[in-house]
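See structure below.
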Amino acid sequence: MKNKTLFIIVILLFFQTYNIISQEQNKNSVDDDHKDKCILPFSFGDTPETCHLPIFVVKINGESFKFSIDTGGLENIIFESGLEKFHVSYQENIPTKNSIINFLVSLLNIKTNTYVNCSVELFQIENLAIQNLDLKYSSLNYPIPGIDAILCLAAFKNTRSVIIDYKNKVFVFNDSIYERNEFPLYTEHNRYYIKGIIEDNQVNCLLDNGAANVLVFDKKYFPKQYTKEVVNISTLNGISYYSVDKAKHLDLQLNQNQAYRGECFFVDNTFNNNNRINSLFRYDAFLGKPFFDKYVVFIDLYRMKCMLKSN
């Protein structure tokens, strides 16, 4: 009897020790996986041009820059205020070899386009290292008050994942990914998009937190009941007024269990074409701020998957 009791005690001690070691190993494994996790708080702007844009402050060479992230952006954009902080000078009207053209440019005060490229070798966003960041300036880009530069997702190409959480006003990089109801993520020219279903039609939807609204570009995908409105839409070309149709109940099915049901605007393809920026790819919809208000968006850049979690 004593031998049997002793045997049971030994077995129990073995399993207890095994569990403790396993838990410690798992803890260390999780810590290793998340040692480069970065939580980046942001706030929304307080002007019509910036109220939908997430803004955060970054220190580079002792200067404070106000950055934003635009998932629908093709490239990293810097504005004149950012150039000044980098102490980069530029000349707007660069003379040509043709004296007649120079005279006409001067006489008519024509603003020609000036491009400036800035490159930042290394800087930190919180504990996230950003290397070899290229920023492009165009004098024709409309300056956005309170923002020095806008980064596209390609700026974070060395990260495994990004979580966009508008409810808690944070970006989270390199965290564990919510893997329920995941679906494919596609990319084209640094932009990321997903595929959905509207009225039994497959549509390409750009993940574009830089857009203030959900926009649809083809009338056949647009709800039958809508009202006519004139709205201002902010782009890098400035704020433009568009006559649009507004619907309250777009039904966009994203996977078997999730859908975006909410307000959207129909904008004709003039807007879509003007904002392709040398991209030949055609999007059927832009998923802007109302979409990111509805869902926490998980983007797995390593596996090219997207997951959504309702707010």
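Letters for chains follow the order of the structure tokens (A, B, ...), residue numbers begin at 1 for each chain, and ligand numbers begin at 1 in the order shown.
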Query - Residues within 7 Å of segment 293-306 of chain A, only C-alpha atoms, excluding chain neighbours under 5 positions, as a PyMOL selection string - result: chain A and resi 160-167+177-178+182-186+311
Query raised in the report: Which residues, written as a PyMOL selection string, have at least one atom at most 12 Å from Val216 of chain A, with only C-alpha atoms counted and residues fewer than 4 positions away on the same chain left out?
Result: chain A and resi 198+203-206+211+220-223+244-247+250-252+263-269+271-272+282-288
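The two atoms in question, atom CA of Ile144 of chain A and atom CA of Asn76 of chain A, are spaced 14.1 Å apart.
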Report task. Tell me which protein, DNA and RNA residues are within 12 Å of Ala154 of chain A, counting only C-alpha atoms, leaving out same-chain ones fewer than 6 positions away, and put them as a PyMOL selection string. Result -> chain A and resi 69-77+130-135+160-162+187-192+301
Report task. Using only C-alpha atoms, pick whichever of A:Lys309, A:Lys59, A:Lys66, A:Lys224 has the shortest atom-to-atom distance to Ile150 of chain A. Result -> A:Lys66
Query raised in the report: With distances taken over only C-alpha atoms, which of A:Cys51, A:Leu40, A:Val116, A:Leu254 is nearest to Ile197 of chain A?
Result: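 That would be A:Leu254, the residue with the smallest distance to Ile197 of chain A.
In this comparison, which uses only C-alpha atoms, the residue of A:Gly62, A:Ile147, A:Asn181, A:Glu49 approaching Phe79 of chain A most closely is A:Ile147.
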